[in-house]
Amino acid sequence: MNAEQKLDVIIVGAGFAGMYALHRMRALGLKTKVFERGDGVGGTWYWNRYPGARCDVNSMEYSYQFSDELQQNWSWSEKYAPQPEILEYANHVADKFDLLRDINFGCNITSLHFDKNSSLWQCTTEKGELFYSRYCIMATGCLSKNNIPDFPGLGNFRGEVLHTGNWPQKGRDFTGKTVGIIGTGSSAIQAIPLIAKQASELLIFQRTPSYSIPARNEAMDKKYEAKIKAEYSTFREDNSRRYAALNNNPNSVSALEVSEKERQTEYEQRWEAGGLPFLASFNDLAINIEANETASKFIQGKIREIVENQSVADLLCPSTIVGCKRLCVDTDYYKTFNRKNVSLVDVANHPIEEITESGLKTSAGEYEFDYLILATGFDAMTGALLDIDIKGLEGKRLKDKWQDGPKNYLGLSVSGFPNLFTITGPGSPSVLANMIVAIEQHVDWISDCLKHLEKHSYQVIVADEAAEEKWVLEVNRIADQTLYPEGCNSWYTGANIPDKPRIFMPYLGFPSYVQHCEHVARNNYEGFKLS
Ligand code: NA7
């Protein structure tokens, strides 16, 4: 092994997690390289360039807080940042902290094998290069492996097939074209209103309708921005004590304790204000089915008000638990169904049978289009990790270890896989918290942990199997208090991927999670073996 190949830390992924991890590892004086399959930084925001892609978290909250200079000097142009601006921000951070020189772009990692004798990870890239490191940080993202359903005939389609999660850099002009889109989750709901304005005809193939709340996006209110910046650290601290590390204005009252009139007033105000805070209208929407039904009925009423054709409105009305699948946030989604060039096709009752040369065939009919867009989501949370052949102690494969679902400790570390950390892994708040806050908390924790190991000359840290078992039970215990694990087929549980083990993956409740992590670190990394 030459000096180039020998590293202290290998980071996989140059999204927001990998970028910050690189910054922190450098500060520890550790020789670090990031390996990124894309040609630029940004992770999710690098790949998801479809029309309308936008963050559903307020811009003043969806950014790093580790550098006050950075957060003071950067200005967002809109309340909810569009994808190009988030990507610009990622590039700005990379330049400001001189990150690019330690990132290998266009570099897919195929395997990571731990060697017990040297206590080193051996990393192989797709091009056959080898690198070795003491530590591995998996910053592979929660939504980075696209779900491409196994539709018969997909390869026969003569037009272009696009996936929202791998959108061409130059975009596509749909003017005068007919477009078919499969899926009606967040990505489709953001893309549909814009594509409908451009395409001559848009066919939307829906299996399950989603609940969507208007974003009420607007230009950044400069007074609001100045107010937040004047007290940014207090604002951040306050948010990190909130359930999802988000400033979502929670109501502490039950939906069933108030009168019908008060309930409607609350929902109306939230609908008018827009966005994810709708879920915090009452304190029991996630735990009480009757309370949840009141929210469901309210949204259904809105859909029926907006959509003129009532049979289309019926199809668009979900009957599942609100919030069980991620709540969508849109601009003019339901209104788009009043356009003459837009049709909704029900593929729940009439499933897609095959993709043909010119379109697709369901059990009820055939449809033709020039472009096929798959807005079919992701093999979330575990997909990108399991795409890499990761072998730990005794040659045990992560894929085998997780064949019945992901098991790990604190969502950070897997027993049997020493010195390997997962950022926002399953078992951590991740996608059910403000992602950037969750990322920074994980990276800071890992950084403190490595500092501890170096200081005390430990070579290896590995999660204890018993601590891991207990953690998985704890994640499930909390999730089982809500309607989410059983209430729908969501990607939170892996239910959107055929044959994926069904287990509720995110840890619910950012503040209590942070307490657990801090407790573990304070108690000499309780639940880990250090040697
Ligand atoms: P989602 O939310 O997983 O949505 C995927 C959509 O694709 C959803 O409507 C699915 O219907 C549909 N789908 C998937 N497979 C099929 C097949 N085989 N046939 C028909 N329809 C299908 O992904 P998004 O990209 O929209 O959003 C992911 C996250 O990104 C989102 O939650 C935000 O956090 C940002 P289904 O519901 O499975 O019936």
# chains A, B, ... in the order shown; residues from 1 in each chain; ligands from 1
>>> residues_near_ligand(ligand="ligand 1", cutoff="6 Å", atoms="only C-alpha atoms and all ligand atoms", output="list of chain:residue names")
A:Pro149, A:Ile182, A:Gly183, A:Thr184, A:Gly185, A:Ser186, A:Ser187, A:Ala188, A:Arg207, A:Thr208, A:Arg326, A:Ala375, A:Thr376, A:Gly377, A:Phe378, A:Trp491, A:Asn496
>>> write_last_selection(atoms="N, CA and C atoms", output="PDB file, in the first residue's frame")
ATOM      1  N   PRO A 149     -39.387   0.191 -10.439  1.00  0.00           N
ATOM      2  CA  PRO A 149     -40.189  -1.042 -10.375  1.00  0.00           C
ATOM      3  C   PRO A 149     -39.918  -1.929 -11.585  1.00  0.00           C
ATOM      4  N   ILE A 182     -45.494   8.023 -13.593  1.00  0.00           N
ATOM      5  CA  ILE A 182     -45.975   6.993 -12.663  1.00  0.00           C
ATOM      6  C   ILE A 182     -45.567   7.409 -11.263  1.00  0.00           C
ATOM      7  N   GLY A 183     -46.548   7.467 -10.361  1.00  0.00           N
ATOM      8  CA  GLY A 183     -46.268   7.834  -8.977  1.00  0.00           C
ATOM      9  C   GLY A 183     -46.886   9.170  -8.636  1.00  0.00           C
ATOM     10  N   THR A 184     -47.359   9.261  -7.405  1.00  0.00           N
ATOM     11  CA  THR A 184     -47.944  10.515  -6.915  1.00  0.00           C
ATOM     12  C   THR A 184     -47.485  10.795  -5.483  1.00  0.00           C
ATOM     13  N   GLY A 185     -46.173  10.602  -5.245  1.00  0.00           N
ATOM     14  CA  GLY A 185     -45.582  10.988  -3.958  1.00  0.00           C
ATOM     15  C   GLY A 185     -45.057  12.417  -4.052  1.00  0.00           C
ATOM     16  N   SER A 186     -44.205  12.802  -3.110  1.00  0.00           N
ATOM     17  CA  SER A 186     -43.709  14.192  -3.043  1.00  0.00           C
ATOM     18  C   SER A 186     -43.083  14.670  -4.348  1.00  0.00           C
ATOM     19  N   SER A 187     -42.251  13.804  -4.958  1.00  0.00           N
ATOM     20  CA  SER A 187     -41.529  14.242  -6.155  1.00  0.00           C
ATOM     21  C   SER A 187     -42.517  14.544  -7.278  1.00  0.00           C
ATOM     22  N   ALA A 188     -43.454  13.618  -7.510  1.00  0.00           N
ATOM     23  CA  ALA A 188     -44.443  13.818  -8.572  1.00  0.00           C
ATOM     24  C   ALA A 188     -45.285  15.059  -8.281  1.00  0.00           C
ATOM     25  N   ARG A 207     -51.286   5.064  -8.057  1.00  0.00           N
ATOM     26  CA  ARG A 207     -51.676   3.849  -7.322  1.00  0.00           C
ATOM     27  C   ARG A 207     -52.292   4.232  -5.977  1.00  0.00           C
ATOM     28  N   THR A 208     -51.603   5.123  -5.255  1.00  0.00           N
ATOM     29  CA  THR A 208     -52.136   5.567  -3.962  1.00  0.00           C
ATOM     30  C   THR A 208     -52.068   7.086  -3.915  1.00  0.00           C
ATOM     31  N   ARG A 326     -45.016  10.329   4.169  1.00  0.00           N
ATOM     32  CA  ARG A 326     -44.607  11.712   4.365  1.00  0.00           C
ATOM     33  C   ARG A 326     -45.628  12.657   3.741  1.00  0.00           C
ATOM     34  N   ALA A 375     -41.688   8.505 -11.087  1.00  0.00           N
ATOM     35  CA  ALA A 375     -41.581   9.270  -9.833  1.00  0.00           C
ATOM     36  C   ALA A 375     -41.854   8.254  -8.728  1.00  0.00           C
ATOM     37  N   THR A 376     -41.130   7.151  -8.817  1.00  0.00           N
ATOM     38  CA  THR A 376     -41.465   5.961  -8.022  1.00  0.00           C
ATOM     39  C   THR A 376     -40.637   5.841  -6.747  1.00  0.00           C
ATOM     40  N   GLY A 377     -39.916   6.893  -6.396  1.00  0.00           N
ATOM     41  CA  GLY A 377     -39.296   6.923  -5.069  1.00  0.00           C
ATOM     42  C   GLY A 377     -37.992   6.162  -4.953  1.00  0.00           C
ATOM     43  N   PHE A 378     -37.735   5.706  -3.741  1.00  0.00           N
ATOM     44  CA  PHE A 378     -36.397   5.206  -3.394  1.00  0.00           C
ATOM     45  C   PHE A 378     -36.465   3.928  -2.556  1.00  0.00           C
ATOM     46  N   TRP A 491     -42.337   4.248   2.713  1.00  0.00           N
ATOM     47  CA  TRP A 491     -40.911   3.928   2.609  1.00  0.00           C
ATOM     48  C   TRP A 491     -40.231   4.001   3.971  1.00  0.00           C
ATOM     49  N   ASN A 496     -42.498   0.005   0.488  1.00  0.00           N
ATOM     50  CA  ASN A 496     -42.639   0.397  -0.922  1.00  0.00           C
ATOM     51  C   ASN A 496     -41.782  -0.466  -1.851  1.00  0.00           C
TER      52      ASN A 496
END
>>> closest_atom_pairs(of="region 31-108 of chain A", to="region 270-287 of chain A", cutoff="12 Å", atoms="only C-alpha atoms", output="JSON lines")
{"residue": "A:Cys55", "atom": "CA", "partner": "A:Gly275", "partner_atom": "CA", "distance": 10.5}
{"residue": "A:Asp56", "atom": "CA", "partner": "A:Gly275", "partner_atom": "CA", "distance": 7.0}
{"residue": "A:Val57", "atom": "CA", "partner": "A:Leu276", "partner_atom": "CA", "distance": 7.7}
{"residue": "A:Asn58", "atom": "CA", "partner": "A:Gly275", "partner_atom": "CA", "distance": 8.9}
{"residue": "A:Lys79", "atom": "CA", "partner": "A:Gly275", "partner_atom": "CA", "distance": 10.6}
{"residue": "A:Tyr80", "atom": "CA", "partner": "A:Gly275", "partner_atom": "CA", "distance": 9.5}
>>> write_last_selection(atoms="N, CA and C atoms", output="CSV table (one decimal), in the first residue's frame")
chain,number,residue,atom,x,y,z
A,55,CYS,N,-37.2,22.1,-1.3
A,55,CYS,CA,-37.2,21.6,0.1
A,55,CYS,C,-38.5,21.9,0.8
A,56,ASP,N,-38.9,20.9,1.6
A,56,ASP,CA,-40.2,21.2,2.3
A,56,ASP,C,-39.9,21.7,3.8
A,57,VAL,N,-38.7,22.1,4.0
A,57,VAL,CA,-38.3,22.7,5.3
A,57,VAL,C,-37.9,24.1,5.0
A,58,ASN,N,-38.4,25.0,5.9
A,58,ASN,CA,-38.1,26.5,5.7
A,58,ASN,C,-36.6,26.7,5.5
A,79,LYS,N,-38.8,31.3,0.7
A,79,LYS,CA,-39.2,30.7,2.0
A,79,LYS,C,-38.8,29.2,1.9
A,80,TYR,N,-39.1,28.5,0.8
A,80,TYR,CA,-38.7,27.1,0.6
A,80,TYR,C,-37.7,27.1,-0.6
>>> residues_around(residues="Leu30 (chain A)", least_positions_apart="6", cutoff="10 Å", atoms="only C-alpha atoms", output="list in words")
Leu7, Asp8, Val9, Leu22, Arg24, Tyr135 and Leu450 of chain A
>>> closest_atom_pairs(of="region 22-68 of chain A", to="region 217-240 of chain A", cutoff="12 Å", atoms="only C-alpha atoms", output="Markdown table")
| residue | atom | partner | partner_atom | distance |
| --- | --- | --- | --- | --- |
| A:Gly52 | CA | A:Asn217 | CA | 11.7 |
| A:Arg54 | CA | A:Asn217 | CA | 10.0 |
| A:Cys55 | CA | A:Asn217 | CA | 10.5 |
| A:Asp56 | CA | A:Asn217 | CA | 9.7 |
| A:Val57 | CA | A:Asn217 | CA | 10.9 |
| A:Asn58 | CA | A:Asn217 | CA | 9.4 |
| A:Ser59 | CA | A:Met220 | CA | 8.7 |
| A:Met60 | CA | A:Glu225 | CA | 7.3 |
| A:Glu61 | CA | A:Arg236 | CA | 7.7 |
| A:Tyr62 | CA | A:Arg236 | CA | 10.6 |
| A:Ser63 | CA | A:Arg236 | CA | 10.5 |
| A:Tyr64 | CA | A:Arg236 | CA | 10.0 |
| A:Gln65 | CA | A:Arg236 | CA | 7.6 |
| A:Phe66 | CA | A:Ser233 | CA | 9.9 |
| A:Ser67 | CA | A:Ser233 | CA | 10.3 |
| A:Asp68 | CA | A:Ser233 | CA | 8.1 |
>>> write_last_selection(atoms="all heavy atoms", output="tab-separated table (two decimals), in the first residue's frame")
chain	number	residue	atom	x	y	z
A	52	GLY	N	-39.49	21.68	-10.35
A	52	GLY	CA	-40.25	21.93	-9.11
A	52	GLY	C	-39.60	21.37	-7.86
A	52	GLY	O	-40.13	21.55	-6.76
A	54	ARG	N	-37.86	21.02	-4.59
A	54	ARG	CA	-37.78	22.10	-3.61
A	54	ARG	C	-37.80	21.48	-2.23
A	54	ARG	O	-38.40	20.43	-2.02
A	54	ARG	CB	-39.04	22.97	-3.83
A	54	ARG	CG	-39.15	24.20	-2.98
A	54	ARG	CD	-40.46	24.92	-3.32
A	54	ARG	NE	-40.52	25.45	-4.68
A	54	ARG	CZ	-39.86	26.51	-5.12
A	54	ARG	NH1	-39.10	27.21	-4.30
A	54	ARG	NH2	-39.97	26.92	-6.37
A	55	CYS	N	-37.18	22.13	-1.29
A	55	CYS	CA	-37.15	21.61	0.07
A	55	CYS	C	-38.50	21.89	0.76
A	55	CYS	O	-39.12	22.92	0.51
A	55	CYS	CB	-36.02	22.30	0.84
A	55	CYS	SG	-35.73	21.52	2.42
A	56	ASP	N	-38.93	20.95	1.63
A	56	ASP	CA	-40.18	21.18	2.34
A	56	ASP	C	-39.93	21.71	3.76
A	56	ASP	O	-40.83	21.76	4.58
A	56	ASP	CB	-41.08	19.92	2.35
A	56	ASP	CG	-40.40	18.71	2.97
A	56	ASP	OD1	-39.29	18.85	3.52
A	56	ASP	OD2	-41.00	17.61	2.92
A	57	VAL	N	-38.67	22.08	4.03
A	57	VAL	CA	-38.32	22.70	5.32
A	57	VAL	C	-37.93	24.15	5.02
A	57	VAL	O	-37.25	24.42	4.03
A	57	VAL	CB	-37.16	21.93	5.98
A	57	VAL	CG1	-36.62	22.67	7.19
A	57	VAL	CG2	-37.62	20.53	6.38
A	58	ASN	N	-38.37	25.03	5.89
A	58	ASN	CA	-38.09	26.46	5.74
A	58	ASN	C	-36.60	26.72	5.52
A	58	ASN	O	-35.75	26.17	6.22
A	58	ASN	CB	-38.57	27.12	7.04
A	58	ASN	CG	-38.65	28.60	6.91
A	58	ASN	OD1	-37.67	29.24	6.51
A	58	ASN	ND2	-39.81	29.15	7.22
A	59	SER	N	-36.28	27.57	4.56
A	59	SER	CA	-34.88	27.84	4.20
A	59	SER	C	-34.03	28.28	5.40
A	59	SER	O	-32.86	27.92	5.48
A	59	SER	CB	-34.79	28.97	3.17
A	59	SER	OG	-35.54	28.67	2.05
A	60	MET	N	-34.60	29.06	6.30
A	60	MET	CA	-33.80	29.56	7.42
A	60	MET	C	-33.41	28.43	8.38
A	60	MET	O	-32.55	28.60	9.23
A	60	MET	CB	-34.55	30.66	8.20
A	60	MET	CG	-34.83	31.92	7.41
A	60	MET	SD	-33.36	32.61	6.61
A	60	MET	CE	-32.44	33.24	8.00
A	61	GLU	N	-34.06	27.27	8.19
A	61	GLU	CA	-33.74	26.12	9.05
A	61	GLU	C	-32.95	25.04	8.31
A	61	GLU	O	-32.25	24.26	8.93
A	61	GLU	CB	-35.03	25.51	9.61
A	61	GLU	CG	-35.80	26.47	10.48
A	61	GLU	CD	-37.10	25.86	10.97
A	61	GLU	OE1	-37.08	24.75	11.52
A	61	GLU	OE2	-38.14	26.51	10.79
A	62	TYR	N	-33.12	25.00	6.98
A	62	TYR	CA	-32.47	23.93	6.22
A	62	TYR	C	-31.11	24.40	5.75
A	62	TYR	O	-30.89	24.71	4.57
A	62	TYR	CB	-33.36	23.52	5.03
A	62	TYR	CG	-32.93	22.22	4.40
A	62	TYR	CD1	-33.30	20.99	4.95
A	62	TYR	CD2	-32.12	22.21	3.27
A	62	TYR	CE1	-32.88	19.79	4.37
A	62	TYR	CE2	-31.70	21.02	2.69
A	62	TYR	CZ	-32.09	19.82	3.25
A	62	TYR	OH	-31.68	18.64	2.69
A	63	SER	N	-30.19	24.50	6.65
A	63	SER	CA	-28.82	24.91	6.32
A	63	SER	C	-27.94	24.56	7.51
A	63	SER	O	-28.43	24.29	8.60
A	63	SER	CB	-28.77	26.42	6.05
A	63	SER	OG	-29.28	27.12	7.16
A	64	TYR	N	-26.62	24.56	7.26
A	64	TYR	CA	-25.69	24.24	8.35
A	64	TYR	C	-25.70	25.35	9.40
A	64	TYR	O	-25.88	26.52	9.08
A	64	TYR	CB	-24.26	24.18	7.80
A	64	TYR	CG	-23.92	23.01	6.92
A	64	TYR	CD1	-23.45	23.22	5.63
A	64	TYR	CD2	-23.98	21.70	7.40
A	64	TYR	CE1	-23.06	22.16	4.82
A	64	TYR	CE2	-23.59	20.64	6.59
A	64	TYR	CZ	-23.14	20.88	5.31
A	64	TYR	OH	-22.75	19.84	4.52
A	65	GLN	N	-25.41	24.94	10.63
A	65	GLN	CA	-25.28	25.94	11.69
A	65	GLN	C	-23.88	25.92	12.31
A	65	GLN	O	-23.61	26.68	13.24
A	65	GLN	CB	-26.34	25.73	12.76
A	65	GLN	CG	-26.36	24.35	13.37
A	65	GLN	CD	-27.54	24.19	14.32
A	65	GLN	OE1	-27.63	24.86	15.33
A	65	GLN	NE2	-28.45	23.28	13.98
A	66	PHE	N	-22.98	25.06	11.80
A	66	PHE	CA	-21.68	24.93	12.47
A	66	PHE	C	-20.81	26.18	12.31
A	66	PHE	O	-19.90	26.40	13.10
A	66	PHE	CB	-20.92	23.69	11.97
A	66	PHE	CG	-20.43	23.76	10.54
A	66	PHE	CD1	-19.21	24.34	10.24
A	66	PHE	CD2	-21.18	23.23	9.50
A	66	PHE	CE1	-18.74	24.40	8.93
A	66	PHE	CE2	-20.73	23.29	8.19
A	66	PHE	CZ	-19.51	23.87	7.90
A	67	SER	N	-21.09	26.99	11.31
A	67	SER	CA	-20.30	28.21	11.11
A	67	SER	C	-21.23	29.40	11.12
A	67	SER	O	-22.09	29.54	10.25
A	67	SER	CB	-19.57	28.12	9.77
A	67	SER	OG	-19.20	29.41	9.33
A	68	ASP	N	-21.03	30.27	12.11
A	68	ASP	CA	-21.91	31.43	12.17
A	68	ASP	C	-21.66	32.34	10.97
A	68	ASP	O	-22.59	32.93	10.43
A	68	ASP	CB	-21.73	32.18	13.49
A	68	ASP	CG	-22.87	33.18	13.69
A	68	ASP	OD1	-24.03	32.78	13.46
A	68	ASP	OD2	-22.61	34.35	14.00
>>> select_by_dssp(residues="region 122-370 of chain A", states="strand (DSSP E or B)", output="MDAnalysis selection string")
chainID A and resid 122:125 130:138 146 160:163 175 178:182 199 201:206 212:214 219 328:330 342:346 352:355 359:362 366:368
>>> select_by_dssp(residues="region 256-410 of chain A", states="alpha helix (DSSP H)", output="ChimeraX atom specification")
/A:260-273,289-306,310-316,333-336,383-386,398-401
>>> atom_distance(atom1="CA of Lys529 (chain A)", atom2="CA of Ile446 (chain A)")
15.1 Å
>>> closest_residue(among="A:Ser259, A:Ser311, A:Ser531, A:Ser512", to="Thr294 (chain A)", atoms="only C-alpha atoms")
A:Ser259
>>> residues_around(residues="Lys197 (chain A)", least_positions_apart="4", cutoff="12 Å", atoms="only C-alpha atoms", output="list in words")
Pro51, Gly52, Asp173, Phe174, Thr175, Gly176, Lys177, Thr178, Val179, Ala191, Ile192, Pro193, Glu201, Leu202, Asp332, Tyr333, Lys335, Thr336, Phe337, Asn338, Arg339, Lys340, Asn341 and Val342 of chain A
>>> closest_residue(among="A:Tyr334, A:Gly29, A:Cys488, A:Ser319", to="Arg304 (chain A)", atoms="only C-alpha atoms")
A:Tyr334
>>> closest_residue(among="A:Tyr211, A:Trp45, A:Phe528, A:Phe504", to="Cys449 (chain A)", atoms="only C-alpha atoms")
A:Phe528
>>> decode(residues="region 250-277 of chain A", atoms="N, CA and C atoms", output="PDB file, in the first residue's frame")
ATOM      1  N   PRO A 250     -46.105  23.746  17.228  1.00  0.00           N
ATOM      2  CA  PRO A 250     -47.002  22.666  17.657  1.00  0.00           C
ATOM      3  C   PRO A 250     -48.123  23.140  18.579  1.00  0.00           C
ATOM      4  N   ASN A 251     -49.280  22.563  18.375  1.00  0.00           N
ATOM      5  CA  ASN A 251     -50.420  22.844  19.245  1.00  0.00           C
ATOM      6  C   ASN A 251     -50.451  21.735  20.294  1.00  0.00           C
ATOM      7  N   SER A 252     -50.597  22.085  21.546  1.00  0.00           N
ATOM      8  CA  SER A 252     -50.525  21.064  22.600  1.00  0.00           C
ATOM      9  C   SER A 252     -51.899  20.490  22.959  1.00  0.00           C
ATOM     10  N   VAL A 253     -52.877  20.764  22.121  1.00  0.00           N
ATOM     11  CA  VAL A 253     -54.259  20.340  22.420  1.00  0.00           C
ATOM     12  C   VAL A 253     -54.646  19.149  21.532  1.00  0.00           C
ATOM     13  N   SER A 254     -55.494  18.270  22.072  1.00  0.00           N
ATOM     14  CA  SER A 254     -55.994  17.144  21.282  1.00  0.00           C
ATOM     15  C   SER A 254     -57.043  17.614  20.276  1.00  0.00           C
ATOM     16  N   ALA A 255     -57.065  16.982  19.120  1.00  0.00           N
ATOM     17  CA  ALA A 255     -58.072  17.330  18.107  1.00  0.00           C
ATOM     18  C   ALA A 255     -59.477  16.982  18.601  1.00  0.00           C
ATOM     19  N   LEU A 256     -59.551  16.092  19.592  1.00  0.00           N
ATOM     20  CA  LEU A 256     -60.859  15.632  20.056  1.00  0.00           C
ATOM     21  C   LEU A 256     -61.357  16.416  21.268  1.00  0.00           C
ATOM     22  N   GLU A 257     -60.500  17.303  21.778  1.00  0.00           N
ATOM     23  CA  GLU A 257     -60.881  18.083  22.960  1.00  0.00           C
ATOM     24  C   GLU A 257     -61.598  19.369  22.601  1.00  0.00           C
ATOM     25  N   VAL A 258     -61.473  19.762  21.334  1.00  0.00           N
ATOM     26  CA  VAL A 258     -62.019  21.059  20.938  1.00  0.00           C
ATOM     27  C   VAL A 258     -63.327  20.871  20.169  1.00  0.00           C
ATOM     28  N   SER A 259     -64.064  21.975  20.026  1.00  0.00           N
ATOM     29  CA  SER A 259     -65.323  21.875  19.279  1.00  0.00           C
ATOM     30  C   SER A 259     -65.017  21.750  17.782  1.00  0.00           C
ATOM     31  N   GLU A 260     -66.024  21.316  17.046  1.00  0.00           N
ATOM     32  CA  GLU A 260     -65.872  21.173  15.579  1.00  0.00           C
ATOM     33  C   GLU A 260     -65.419  22.507  14.960  1.00  0.00           C
ATOM     34  N   LYS A 261     -66.010  23.599  15.474  1.00  0.00           N
ATOM     35  CA  LYS A 261     -65.696  24.917  14.907  1.00  0.00           C
ATOM     36  C   LYS A 261     -64.226  25.272  15.174  1.00  0.00           C
ATOM     37  N   GLU A 262     -63.782  25.042  16.408  1.00  0.00           N
ATOM     38  CA  GLU A 262     -62.379  25.358  16.752  1.00  0.00           C
ATOM     39  C   GLU A 262     -61.419  24.506  15.918  1.00  0.00           C
ATOM     40  N   ARG A 263     -61.802  23.245  15.737  1.00  0.00           N
ATOM     41  CA  ARG A 263     -60.955  22.325  14.971  1.00  0.00           C
ATOM     42  C   ARG A 263     -60.793  22.810  13.530  1.00  0.00           C
ATOM     43  N   GLN A 264     -61.930  23.182  12.941  1.00  0.00           N
ATOM     44  CA  GLN A 264     -61.878  23.646  11.545  1.00  0.00           C
ATOM     45  C   GLN A 264     -61.066  24.939  11.441  1.00  0.00           C
ATOM     46  N   THR A 265     -61.207  25.804  12.435  1.00  0.00           N
ATOM     47  CA  THR A 265     -60.463  27.078  12.419  1.00  0.00           C
ATOM     48  C   THR A 265     -58.969  26.798  12.443  1.00  0.00           C
ATOM     49  N   GLU A 266     -58.571  25.860  13.314  1.00  0.00           N
ATOM     50  CA  GLU A 266     -57.145  25.520  13.417  1.00  0.00           C
ATOM     51  C   GLU A 266     -56.634  24.958  12.080  1.00  0.00           C
ATOM     52  N   TYR A 267     -57.390  24.014  11.510  1.00  0.00           N
ATOM     53  CA  TYR A 267     -56.959  23.416  10.241  1.00  0.00           C
ATOM     54  C   TYR A 267     -56.910  24.473   9.129  1.00  0.00           C
ATOM     55  N   GLU A 268     -57.939  25.347   9.119  1.00  0.00           N
ATOM     56  CA  GLU A 268     -57.967  26.406   8.090  1.00  0.00           C
ATOM     57  C   GLU A 268     -56.728  27.283   8.192  1.00  0.00           C
ATOM     58  N   GLN A 269     -56.385  27.662   9.428  1.00  0.00           N
ATOM     59  CA  GLN A 269     -55.218  28.541   9.602  1.00  0.00           C
ATOM     60  C   GLN A 269     -53.942  27.852   9.121  1.00  0.00           C
ATOM     61  N   ARG A 270     -53.832  26.562   9.462  1.00  0.00           N
ATOM     62  CA  ARG A 270     -52.623  25.821   9.051  1.00  0.00           C
ATOM     63  C   ARG A 270     -52.592  25.648   7.534  1.00  0.00           C
ATOM     64  N   TRP A 271     -53.762  25.396   6.958  1.00  0.00           N
ATOM     65  CA  TRP A 271     -53.840  25.236   5.492  1.00  0.00           C
ATOM     66  C   TRP A 271     -53.419  26.553   4.825  1.00  0.00           C
ATOM     67  N   GLU A 272     -53.879  27.666   5.372  1.00  0.00           N
ATOM     68  CA  GLU A 272     -53.533  28.977   4.816  1.00  0.00           C
ATOM     69  C   GLU A 272     -52.054  29.285   5.009  1.00  0.00           C
ATOM     70  N   ALA A 273     -51.503  28.889   6.175  1.00  0.00           N
ATOM     71  CA  ALA A 273     -50.084  29.165   6.446  1.00  0.00           C
ATOM     72  C   ALA A 273     -49.207  28.249   5.590  1.00  0.00           C
ATOM     73  N   GLY A 274     -49.707  27.031   5.336  1.00  0.00           N
ATOM     74  CA  GLY A 274     -49.031  26.105   4.437  1.00  0.00           C
ATOM     75  C   GLY A 274     -47.938  25.273   5.072  1.00  0.00           C
ATOM     76  N   GLY A 275     -47.588  24.184   4.371  1.00  0.00           N
ATOM     77  CA  GLY A 275     -46.420  23.380   4.719  1.00  0.00           C
ATOM     78  C   GLY A 275     -46.618  22.344   5.815  1.00  0.00           C
ATOM     79  N   LEU A 276     -45.487  21.740   6.188  1.00  0.00           N
ATOM     80  CA  LEU A 276     -45.485  20.618   7.138  1.00  0.00           C
ATOM     81  C   LEU A 276     -46.077  20.933   8.521  1.00  0.00           C
ATOM     82  N   PRO A 277     -46.064  22.215   8.981  1.00  0.00           N
ATOM     83  CA  PRO A 277     -46.660  22.473  10.306  1.00  0.00           C
ATOM     84  C   PRO A 277     -48.129  22.045  10.401  1.00  0.00           C
TER      85      PRO A 277
END
